[in-house]
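**Student:** start-v9.cif is reproduced in full below (mmCIF, C-alpha atoms).
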```cif
data_target
loop_
_atom_site.label_atom_id
_atom_site.label_comp_id
_atom_site.auth_asym_id
_atom_site.auth_seq_id
_atom_site.Cartn_x
_atom_site.Cartn_y
_atom_site.Cartn_z
CA GLY A 1 -17.01 20.96 -51.22
CA ASN A 2 -18.35 21.14 -54.74
CA SER A 3 -22.05 20.64 -55.29
CA VAL A 4 -24.71 21.06 -57.94
CA THR A 5 -28.38 21.88 -57.39
CA GLN A 6 -31.06 21.21 -59.98
CA MET A 7 -34.66 22.32 -59.81
CA GLU A 8 -36.99 19.85 -58.14
CA GLY A 9 -39.34 17.51 -59.89
CA PRO A 10 -40.00 16.17 -63.39
CA VAL A 11 -40.76 18.48 -66.28
CA THR A 12 -43.68 17.70 -68.57
CA LEU A 13 -44.29 19.82 -71.63
CA SER A 14 -45.82 19.70 -75.08
CA GLU A 15 -43.90 19.28 -78.31
CA GLU A 16 -42.45 22.57 -79.63
CA ALA A 17 -42.58 24.17 -76.18
CA PHE A 18 -39.64 26.05 -74.67
CA LEU A 19 -37.60 24.09 -72.14
CA THR A 20 -35.57 25.48 -69.25
CA ILE A 21 -33.89 23.38 -66.58
CA ASN A 22 -32.21 25.33 -63.81
CA CYS A 23 -28.79 24.44 -62.46
CA THR A 24 -26.78 26.28 -59.83
CA TYR A 25 -23.47 25.26 -58.35
CA THR A 26 -21.16 25.76 -55.39
CA ALA A 27 -17.46 25.35 -56.01
CA THR A 28 -14.06 26.59 -55.02
CA GLY A 29 -11.93 27.83 -57.86
CA TYR A 30 -13.09 27.81 -61.45
CA PRO A 31 -14.90 24.60 -62.33
CA SER A 32 -15.96 23.36 -65.73
CA LEU A 33 -19.68 22.74 -66.17
CA PHE A 34 -21.51 20.02 -68.07
CA TRP A 35 -24.95 18.82 -69.04
CA TYR A 36 -25.33 15.07 -69.51
CA VAL A 37 -28.42 13.36 -70.91
CA GLN A 38 -29.67 9.83 -70.21
CA TYR A 39 -32.14 8.39 -72.70
CA PRO A 40 -34.37 5.52 -71.54
CA GLY A 41 -32.41 2.32 -70.98
CA GLU A 42 -29.04 3.90 -71.70
CA GLY A 43 -26.05 5.31 -69.87
CA LEU A 44 -25.28 9.02 -69.70
CA GLN A 45 -23.83 10.91 -72.63
CA LEU A 46 -22.35 14.37 -72.75
CA LEU A 47 -24.76 16.94 -74.16
CA LEU A 48 -22.69 20.12 -73.82
CA LYS A 49 -20.04 21.75 -71.70
CA ALA A 50 -18.46 25.11 -70.82
CA THR A 51 -15.04 25.53 -69.31
CA LYS A 52 -14.93 29.20 -68.30
CA ALA A 53 -17.17 32.11 -67.36
CA ASP A 54 -19.43 33.45 -70.15
CA ASP A 55 -18.77 30.40 -72.33
CA LYS A 56 -21.86 29.05 -74.07
CA GLY A 57 -22.12 25.34 -74.72
CA SER A 58 -24.50 24.15 -77.42
CA ASN A 59 -25.52 20.89 -79.07
CA LYS A 60 -28.66 19.44 -80.72
CA GLY A 61 -30.50 22.75 -80.23
CA PHE A 62 -29.71 22.88 -76.50
CA GLU A 63 -27.74 25.75 -75.00
CA ALA A 64 -26.33 26.69 -71.60
CA THR A 65 -24.24 29.70 -70.57
CA TYR A 66 -21.69 29.63 -67.74
CA ARG A 67 -22.71 32.51 -65.46
CA LYS A 68 -20.12 33.06 -62.76
CA GLU A 69 -21.93 35.99 -61.18
CA THR A 70 -25.04 33.89 -60.49
CA THR A 71 -23.17 30.53 -60.26
CA SER A 72 -25.60 29.08 -62.77
CA PHE A 73 -25.62 26.94 -65.91
CA HIS A 74 -29.26 26.70 -66.98
CA LEU A 75 -30.16 24.43 -69.89
CA GLU A 76 -32.51 25.74 -72.59
CA LYS A 77 -34.05 24.55 -75.81
CA GLY A 78 -36.36 26.64 -77.91
CA SER A 79 -38.59 23.91 -79.34
CA VAL A 80 -38.54 20.43 -77.82
CA GLN A 81 -39.37 17.18 -79.59
CA VAL A 82 -40.72 13.90 -78.27
CA SER A 83 -37.23 12.47 -78.81
CA ASP A 84 -35.87 14.90 -76.17
CA SER A 85 -37.65 12.93 -73.46
CA ALA A 86 -34.85 11.87 -71.12
CA VAL A 87 -33.22 12.58 -67.79
CA TYR A 88 -30.88 15.58 -67.77
CA PHE A 89 -28.01 15.95 -65.30
CA CYS A 90 -25.98 19.03 -64.55
CA ALA A 91 -22.41 18.39 -63.38
CA LEU A 92 -19.22 20.19 -62.52
CA SER A 93 -15.56 19.27 -62.46
CA ASP A 94 -12.77 21.07 -60.70
CA GLY A 95 -10.20 19.16 -62.74
CA GLY A 96 -8.92 16.81 -60.07
CA ASN A 97 -8.71 13.41 -61.83
CA ASN A 98 -11.74 14.53 -63.83
CA ARG A 99 -14.08 13.82 -60.94
CA LEU A 100 -17.61 15.04 -61.56
CA ALA A 101 -20.17 16.21 -59.03
CA PHE A 102 -23.69 15.61 -60.37
CA GLY A 103 -27.02 17.18 -59.64
CA LYS A 104 -30.00 14.93 -58.92
CA GLY A 105 -31.27 15.04 -62.47
CA ASN A 106 -34.54 16.12 -64.05
CA GLN A 107 -36.88 13.80 -65.91
CA VAL A 108 -38.21 15.58 -69.00
CA VAL A 109 -41.30 14.19 -70.69
CA VAL A 110 -42.38 15.70 -73.99
CA ILE A 111 -45.96 14.98 -75.03
CA PRO A 112 -46.94 14.97 -78.72
CA ASP B 1 -16.94 4.13 -82.01
CA VAL B 2 -15.86 4.54 -78.40
CA LYS B 3 -17.28 2.08 -76.01
CA VAL B 4 -17.70 1.30 -72.33
CA THR B 5 -19.30 -2.07 -71.70
CA GLN B 6 -20.66 -3.56 -68.50
CA SER B 7 -20.90 -7.28 -67.93
CA SER B 8 -24.62 -7.46 -67.20
CA ARG B 9 -27.65 -5.24 -67.79
CA TYR B 10 -29.66 -6.91 -65.05
CA LEU B 11 -28.51 -8.90 -62.05
CA VAL B 12 -30.39 -10.48 -59.15
CA LYS B 13 -28.46 -11.62 -56.08
CA ARG B 14 -29.25 -12.73 -52.56
CA THR B 15 -28.28 -10.97 -49.35
CA GLY B 16 -24.77 -11.96 -48.26
CA GLU B 17 -23.57 -13.01 -51.71
CA LYS B 18 -20.34 -11.67 -53.14
CA VAL B 19 -21.07 -9.72 -56.30
CA PHE B 20 -18.72 -8.69 -59.09
CA LEU B 21 -19.63 -5.97 -61.58
CA GLU B 22 -17.25 -5.72 -64.50
CA CYS B 23 -16.54 -2.75 -66.73
CA VAL B 24 -14.36 -2.67 -69.84
CA GLN B 25 -13.40 0.33 -71.98
CA ASP B 26 -11.71 0.24 -75.36
CA MET B 27 -10.47 3.83 -75.47
CA ASP B 28 -7.15 3.41 -73.60
CA HIS B 29 -8.44 5.79 -70.93
CA GLU B 30 -6.46 6.31 -67.74
CA ASN B 31 -9.42 7.18 -65.49
CA MET B 32 -12.30 4.89 -64.64
CA PHE B 33 -15.23 5.48 -62.30
CA TRP B 34 -18.04 3.60 -60.60
CA TYR B 35 -21.28 5.40 -59.70
CA ARG B 36 -24.59 4.33 -58.33
CA GLN B 37 -27.77 6.00 -59.52
CA ASP B 38 -30.84 6.17 -57.31
CA PRO B 39 -34.12 8.05 -57.86
CA GLY B 40 -34.03 11.46 -56.25
CA LEU B 41 -30.33 11.17 -55.44
CA GLY B 42 -28.74 11.42 -58.86
CA LEU B 43 -25.33 9.86 -59.42
CA ARG B 44 -23.00 9.28 -56.52
CA LEU B 45 -19.35 8.31 -56.94
CA ILE B 46 -18.36 5.07 -55.24
CA TYR B 47 -14.72 4.66 -56.32
CA PHE B 48 -12.47 5.81 -59.09
CA SER B 49 -9.09 4.81 -60.48
CA TYR B 50 -6.61 7.00 -62.32
CA ASP B 51 -4.14 4.24 -63.19
CA VAL B 52 -3.67 0.50 -63.07
CA LYS B 53 -3.69 -0.77 -59.48
CA MET B 54 -4.55 2.73 -58.22
CA LYS B 55 -7.87 3.51 -56.58
CA GLU B 56 -9.43 6.28 -54.57
CA LYS B 57 -12.60 6.41 -52.54
CA GLY B 58 -15.45 8.45 -53.81
CA ASP B 59 -18.34 9.80 -51.80
CA ILE B 60 -19.98 6.50 -50.79
CA PRO B 61 -17.34 3.71 -50.69
CA GLU B 62 -18.75 1.83 -47.68
CA GLY B 63 -19.67 -1.74 -48.53
CA TYR B 64 -17.77 -1.71 -51.82
CA SER B 65 -14.27 -2.43 -53.07
CA VAL B 66 -12.69 -2.21 -56.52
CA SER B 67 -9.97 -3.81 -58.57
CA ARG B 68 -8.00 -2.51 -61.54
CA GLU B 69 -5.46 -5.05 -62.67
CA LYS B 70 -5.50 -3.98 -66.33
CA LYS B 71 -5.94 -0.55 -67.82
CA GLU B 72 -9.11 -1.43 -69.70
CA ARG B 73 -10.95 -3.19 -66.88
CA PHE B 74 -12.37 -1.85 -63.62
CA SER B 75 -14.31 -4.14 -61.32
CA LEU B 76 -16.70 -3.23 -58.53
CA ILE B 77 -17.05 -5.77 -55.74
CA LEU B 78 -19.79 -6.08 -53.16
CA GLU B 79 -18.19 -8.32 -50.54
CA SER B 80 -21.52 -9.17 -48.89
CA ALA B 81 -24.48 -7.78 -50.76
CA SER B 82 -27.26 -6.11 -48.79
CA THR B 83 -30.72 -4.96 -49.83
CA ASN B 84 -29.72 -1.30 -49.58
CA GLN B 85 -27.26 -1.91 -52.41
CA THR B 86 -30.13 -2.50 -54.82
CA SER B 87 -29.49 0.19 -57.40
CA MET B 88 -28.38 1.06 -60.92
CA TYR B 89 -24.58 0.95 -61.24
CA LEU B 90 -22.86 3.00 -63.91
CA CYS B 91 -19.26 2.74 -65.02
CA ALA B 92 -17.45 5.56 -66.82
CA SER B 93 -14.01 6.30 -68.21
CA SER B 94 -12.06 9.36 -69.29
CA LEU B 95 -8.64 10.42 -70.43
CA GLY B 96 -6.23 11.39 -67.68
CA GLY B 97 -3.73 14.21 -67.48
CA GLN B 98 -4.32 17.94 -67.53
CA GLY B 99 -7.52 19.52 -68.62
CA ILE B 100 -11.16 18.58 -68.36
CA ASN B 101 -11.95 15.39 -70.21
CA GLU B 102 -15.37 14.02 -71.04
CA GLN B 103 -16.52 10.96 -69.17
CA PHE B 104 -17.95 8.15 -71.30
CA PHE B 105 -20.55 5.97 -69.65
CA GLY B 106 -21.58 2.35 -69.99
CA PRO B 107 -25.25 1.34 -70.23
CA GLY B 108 -25.51 0.46 -66.56
CA THR B 109 -26.20 -2.67 -64.50
CA ARG B 110 -29.45 -2.80 -62.58
CA LEU B 111 -28.71 -4.86 -59.47
CA THR B 112 -31.44 -6.23 -57.25
CA VAL B 113 -30.47 -7.74 -53.91
CA LEU B 114 -33.17 -9.92 -52.37
#
```
Rewrite the structure from the file as structure tokens, please.

**Tutor:**
Amino acid sequence: GNSVTQMEGPVTLSEEAFLTINCTYTATGYPSLFWYVQYPGEGLQLLLKATKADDKGSNKGFEATYRKETTSFHLEKGSVQVSDSAVYFCALSDGGNNRLAFGKGNQVVVIP
Amino acid sequence: DVKVTQSSRYLVKRTGEKVFLECVQDMDHENMFWYRQDPGLGLRLIYFSYDVKMKEKGDIPEGYSVSREKKERFSLILESASTNQTSMYLCASSLGGQGINEQFFGPGTRLTVL
């Protein structure tokens, strides 16, 4: 079945540092890929998405490129802010009723 | 502004009680979902519905049931709550049909079963 793997553990970094969160997936067919973000005390909201190989999703300074050859969709941001502190979830959908398979999430803490 | 609302932000119940979690969306979405979120496990799908009165089991349906009598409302029911159902419950909705449609999430209900 479909599955998503995110790197283990929380990520703590200083303001203006470069952020990378790794995401790899296993899927049959050609899934669409997503990054969702959950700010403290809130539900999840879509950060960016990519629907086919080599697509790049981007939003709020975050980017991720759909790499079919490495089955990856790593999230990057060049210069993080304290306001980026949140939990980030990678997810995939194979289109069936828009079901999503989520990774376990990564807590990101940005220190001033 | 699109909105998914959940009936309670925090709920405390006792073991064996019947618990109802309500979710309402105002976007006329066909699909609705219930997830639970646990530390280290991410989000896991409990049930989803792609139309009124339709439901399908997700990955962890045991101990739960759902009801969708109206398009905008999707209820999660714990027939006899147990301590291992203490968790954060998230509801989401999306458009149906072809294509990949964004899921919109509610703020969550943190349920504690004592």

**Student:** Would you please work out which residue, of B:Val66, B:Leu78, B:Cys23, B:Ile100, is nearest to chain A when using all atoms listed in the file?

**Tutor:**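 Ranked by minimum distance to chain A, first place goes to B:Ile100.
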
**Student:** Please, which residues in chain A fall within 6 Å of chain B when counting only C-alpha atoms, and what is the closest atom pair and distance in Å to one decimal for each, ordered by chain then residue number, as JSON lines?

**Tutor:**
```
{"residue": "A:Glu42", "atom": "CA", "partner": "B:Pro107", "partner_atom": "CA", "distance": 4.8}
{"residue": "A:Gly43", "atom": "CA", "partner": "B:Pro107", "partner_atom": "CA", "distance": 4.1}
{"residue": "A:Leu44", "atom": "CA", "partner": "B:Phe105", "partner_atom": "CA", "distance": 5.6}
{"residue": "A:Gly95", "atom": "CA", "partner": "B:Ile100", "partner_atom": "CA", "distance": 5.7}
{"residue": "A:Lys104", "atom": "CA", "partner": "B:Gly42", "partner_atom": "CA", "distance": 3.7}
{"residue": "A:Gly105", "atom": "CA", "partner": "B:Gly42", "partner_atom": "CA", "distance": 5.7}
```

**Student:** Give me the result of the PyMOL selection byres ((chain A and resi 6) around 10) on this file, residue by residue, as a PyMOL selection string.

**Tutor:** chain A and resi 4-5+7-9+21-25+72-74+88-91+102-106

**Student:** What does the distance between atom CA of B:Ser82 and atom CA of B:Ser67 come to in Å, to one decimal place?

**Tutor:**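 Going from atom CA of B:Ser82 over to atom CA of B:Ser67, I get 20.0 Å.
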
**Student:** For the atom pair atom CA of A:Ser14 and atom CA of A:Asp84, what is the interatomic distance in Å to one decimal place?

**Tutor:** 11.1 Å

**Student:** For stretch 59-62 of chain A, list every protein, DNA or RNA residue within 7 Å, evaluated using all atoms listed in the file, and leave out those in the same chain fewer than 4 positions away; present the list as a list in words.

**Tutor:**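 The residues satisfying every condition are Leu47, Leu48, Leu75, Glu76 and Lys77 of chain A.
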
**Student:** Keeping only C-alpha atoms, write the selected residues as a PDB file, keeping the file's coordinate frame.

**Tutor:**
```pdb
ATOM      1  CA  LEU A  47     -24.760  16.940 -74.160  1.00  0.00           C
ATOM      2  CA  LEU A  48     -22.690  20.120 -73.820  1.00  0.00           C
ATOM      3  CA  LEU A  75     -30.160  24.430 -69.890  1.00  0.00           C
ATOM      4  CA  GLU A  76     -32.510  25.740 -72.590  1.00  0.00           C
ATOM      5  CA  LYS A  77     -34.050  24.550 -75.810  1.00  0.00           C
TER       6      LYS A  77
END
```

**Student:** Let me know the residues the PyMOL selection byres ((chain A and resi 34) around 7) catches in the file above, as number ranges by chain.

**Tutor:** A: 32-33, 35-36, 48-50, 90-92

**Student:** Taking the file as I've supplied it (selection: the PyMOL selection byres ((chain A and resi 55) around 9)), which residues are included? Please answer as a count of residues only.

**Tutor:** 12

**Student:** Can you tell me, as a list in words, what residues are no more than 12 Å from B:Arg14 when counting all atoms listed in the file, ignoring any on the same chain fewer than 6 positions away?

**Tutor:**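 Counting only the stated atoms, we get Leu78, Ser80, Ala81, Ser82, Thr83, Asn84, Gln85, Thr86, Leu111, Thr112, Val113 and Leu114 of chain B.
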
**Student:** Mind pulling up the distance from atom CA of A:Pro31 to atom CA of A:Asn98?

**Tutor:** 10.7 Å

**Student:** Would you kindly return, as a PyMOL selection string, each protein, DNA or RNA residue with an atom no farther than 12 Å from any atom of B:Ile77, considering all atoms listed in the file and excluding same-chain residues fewer than 6 positions away?

**Tutor:** chain B and resi 17-23+34+46-47+61-68+85+89

**Student:** Give the answer as one residue: which of A:Glu16, A:Asn2, A:Val109, A:Gln45 has the shortest atom-to-atom distance to B:Lys3, using only C-alpha atoms?

**Tutor:**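 Among the listed residues, A:Gln45 lies closest to B:Lys3.
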
**Student:** Taking (-38.1, 12.6, -74.0) in the file's coordinates, which residues come within 9 Å, counting all atoms listed in the file, written as a PDB file with C-alpha atoms, in the coordinates of the input?

**Tutor:**
```
ATOM      1  CA  TYR A  39     -32.140   8.390 -72.700  1.00  0.00           C
ATOM      2  CA  PRO A  40     -34.370   5.520 -71.540  1.00  0.00           C
ATOM      3  CA  VAL A  80     -38.540  20.430 -77.820  1.00  0.00           C
ATOM      4  CA  GLN A  81     -39.370  17.180 -79.590  1.00  0.00           C
ATOM      5  CA  VAL A  82     -40.720  13.900 -78.270  1.00  0.00           C
ATOM      6  CA  SER A  83     -37.230  12.470 -78.810  1.00  0.00           C
ATOM      7  CA  ASP A  84     -35.870  14.900 -76.170  1.00  0.00           C
ATOM      8  CA  SER A  85     -37.650  12.930 -73.460  1.00  0.00           C
ATOM      9  CA  ALA A  86     -34.850  11.870 -71.120  1.00  0.00           C
ATOM     10  CA  VAL A  87     -33.220  12.580 -67.790  1.00  0.00           C
ATOM     11  CA  GLN A 107     -36.880  13.800 -65.910  1.00  0.00           C
ATOM     12  CA  VAL A 108     -38.210  15.580 -69.000  1.00  0.00           C
ATOM     13  CA  VAL A 109     -41.300  14.190 -70.690  1.00  0.00           C
ATOM     14  CA  VAL A 110     -42.380  15.700 -73.990  1.00  0.00           C
ATOM     15  CA  ILE A 111     -45.960  14.980 -75.030  1.00  0.00           C
TER      16      ILE A 111
END
```

**Student:** Nearest to B:Arg73 among B:Lys13, B:Lys57, B:Arg36, B:His29, with distances taken over all atoms listed in the file: which residue is it?

**Tutor:**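 Of B:Lys13, B:Lys57, B:Arg36, B:His29, the one nearest B:Arg73, counting all atoms listed in the file, is B:His29.
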
**Student:** Can you complete the atoms of stretch 87-106 of chain B to N, CA, C and O atoms and list them as a PDB file, keeping the file's coordinate frame?

**Tutor:**
```
ATOM      1  N   SER B  87     -29.672  -1.098 -56.736  1.00  0.00           N
ATOM      2  CA  SER B  87     -29.490   0.190 -57.400  1.00  0.00           C
ATOM      3  C   SER B  87     -29.085  -0.040 -58.859  1.00  0.00           C
ATOM      4  O   SER B  87     -28.862  -1.168 -59.291  1.00  0.00           O
ATOM      5  N   MET B  88     -28.979   1.078 -59.588  1.00  0.00           N
ATOM      6  CA  MET B  88     -28.380   1.060 -60.920  1.00  0.00           C
ATOM      7  C   MET B  88     -26.922   1.464 -60.763  1.00  0.00           C
ATOM      8  O   MET B  88     -26.625   2.493 -60.144  1.00  0.00           O
ATOM      9  N   TYR B  89     -26.013   0.667 -61.329  1.00  0.00           N
ATOM     10  CA  TYR B  89     -24.580   0.950 -61.240  1.00  0.00           C
ATOM     11  C   TYR B  89     -24.056   1.335 -62.615  1.00  0.00           C
ATOM     12  O   TYR B  89     -24.249   0.617 -63.598  1.00  0.00           O
ATOM     13  N   LEU B  90     -23.388   2.469 -62.652  1.00  0.00           N
ATOM     14  CA  LEU B  90     -22.860   3.000 -63.910  1.00  0.00           C
ATOM     15  C   LEU B  90     -21.348   3.095 -63.833  1.00  0.00           C
ATOM     16  O   LEU B  90     -20.802   3.601 -62.862  1.00  0.00           O
ATOM     17  N   CYS B  91     -20.708   2.627 -64.881  1.00  0.00           N
ATOM     18  CA  CYS B  91     -19.260   2.740 -65.020  1.00  0.00           C
ATOM     19  C   CYS B  91     -18.965   3.827 -66.047  1.00  0.00           C
ATOM     20  O   CYS B  91     -19.732   4.030 -66.997  1.00  0.00           O
ATOM     21  N   ALA B  92     -17.853   4.529 -65.863  1.00  0.00           N
ATOM     22  CA  ALA B  92     -17.450   5.560 -66.820  1.00  0.00           C
ATOM     23  C   ALA B  92     -15.939   5.573 -66.941  1.00  0.00           C
ATOM     24  O   ALA B  92     -15.223   5.079 -66.063  1.00  0.00           O
ATOM     25  N   SER B  93     -15.455   6.144 -68.035  1.00  0.00           N
ATOM     26  CA  SER B  93     -14.010   6.300 -68.210  1.00  0.00           C
ATOM     27  C   SER B  93     -13.723   7.643 -68.850  1.00  0.00           C
ATOM     28  O   SER B  93     -14.586   8.243 -69.501  1.00  0.00           O
ATOM     29  N   SER B  94     -12.491   8.121 -68.651  1.00  0.00           N
ATOM     30  CA  SER B  94     -12.060   9.360 -69.290  1.00  0.00           C
ATOM     31  C   SER B  94     -10.550   9.346 -69.449  1.00  0.00           C
ATOM     32  O   SER B  94      -9.841   8.593 -68.772  1.00  0.00           O
ATOM     33  N   LEU B  95     -10.075  10.210 -70.330  1.00  0.00           N
ATOM     34  CA  LEU B  95      -8.640  10.420 -70.430  1.00  0.00           C
ATOM     35  C   LEU B  95      -8.124  10.992 -69.125  1.00  0.00           C
ATOM     36  O   LEU B  95      -8.867  11.631 -68.374  1.00  0.00           O
ATOM     37  N   GLY B  96      -6.850  10.801 -68.844  1.00  0.00           N
ATOM     38  CA  GLY B  96      -6.230  11.390 -67.680  1.00  0.00           C
ATOM     39  C   GLY B  96      -5.472  12.653 -68.047  1.00  0.00           C
ATOM     40  O   GLY B  96      -5.693  13.238 -69.107  1.00  0.00           O
ATOM     41  N   GLY B  97      -4.574  13.066 -67.176  1.00  0.00           N
ATOM     42  CA  GLY B  97      -3.730  14.210 -67.480  1.00  0.00           C
ATOM     43  C   GLY B  97      -4.402  15.535 -67.210  1.00  0.00           C
ATOM     44  O   GLY B  97      -5.438  15.613 -66.560  1.00  0.00           O
ATOM     45  N   GLN B  98      -3.827  16.580 -67.739  1.00  0.00           N
ATOM     46  CA  GLN B  98      -4.320  17.940 -67.530  1.00  0.00           C
ATOM     47  C   GLN B  98      -5.595  18.179 -68.322  1.00  0.00           C
ATOM     48  O   GLN B  98      -5.877  17.519 -69.296  1.00  0.00           O
ATOM     49  N   GLY B  99      -6.331  19.150 -67.880  1.00  0.00           N
ATOM     50  CA  GLY B  99      -7.520  19.520 -68.620  1.00  0.00           C
ATOM     51  C   GLY B  99      -8.755  18.753 -68.183  1.00  0.00           C
ATOM     52  O   GLY B  99      -8.677  17.806 -67.410  1.00  0.00           O
ATOM     53  N   ILE B 100      -9.870  19.178 -68.700  1.00  0.00           N
ATOM     54  CA  ILE B 100     -11.160  18.580 -68.360  1.00  0.00           C
ATOM     55  C   ILE B 100     -11.565  17.654 -69.485  1.00  0.00           C
ATOM     56  O   ILE B 100     -11.760  18.094 -70.619  1.00  0.00           O
ATOM     57  N   ASN B 101     -11.664  16.381 -69.182  1.00  0.00           N
ATOM     58  CA  ASN B 101     -11.950  15.390 -70.210  1.00  0.00           C
ATOM     59  C   ASN B 101     -13.316  14.770 -69.992  1.00  0.00           C
ATOM     60  O   ASN B 101     -13.688  14.430 -68.878  1.00  0.00           O
ATOM     61  N   GLU B 102     -14.028  14.596 -71.084  1.00  0.00           N
ATOM     62  CA  GLU B 102     -15.370  14.020 -71.040  1.00  0.00           C
ATOM     63  C   GLU B 102     -15.337  12.626 -70.463  1.00  0.00           C
ATOM     64  O   GLU B 102     -14.451  11.827 -70.754  1.00  0.00           O
ATOM     65  N   GLN B 103     -16.332  12.323 -69.641  1.00  0.00           N
ATOM     66  CA  GLN B 103     -16.520  10.960 -69.170  1.00  0.00           C
ATOM     67  C   GLN B 103     -17.474  10.230 -70.104  1.00  0.00           C
ATOM     68  O   GLN B 103     -18.530  10.761 -70.469  1.00  0.00           O
ATOM     69  N   PHE B 104     -17.106   9.006 -70.468  1.00  0.00           N
ATOM     70  CA  PHE B 104     -17.950   8.150 -71.300  1.00  0.00           C
ATOM     71  C   PHE B 104     -18.535   7.063 -70.416  1.00  0.00           C
ATOM     72  O   PHE B 104     -17.812   6.406 -69.662  1.00  0.00           O
ATOM     73  N   PHE B 105     -19.843   6.862 -70.551  1.00  0.00           N
ATOM     74  CA  PHE B 105     -20.550   5.970 -69.650  1.00  0.00           C
ATOM     75  C   PHE B 105     -20.959   4.665 -70.341  1.00  0.00           C
ATOM     76  O   PHE B 105     -21.284   4.644 -71.533  1.00  0.00           O
ATOM     77  N   GLY B 106     -20.975   3.596 -69.554  1.00  0.00           N
ATOM     78  CA  GLY B 106     -21.580   2.350 -69.990  1.00  0.00           C
ATOM     79  C   GLY B 106     -23.087   2.402 -69.829  1.00  0.00           C
ATOM     80  O   GLY B 106     -23.630   3.374 -69.290  1.00  0.00           O
TER      81      GLY B 106
END
```
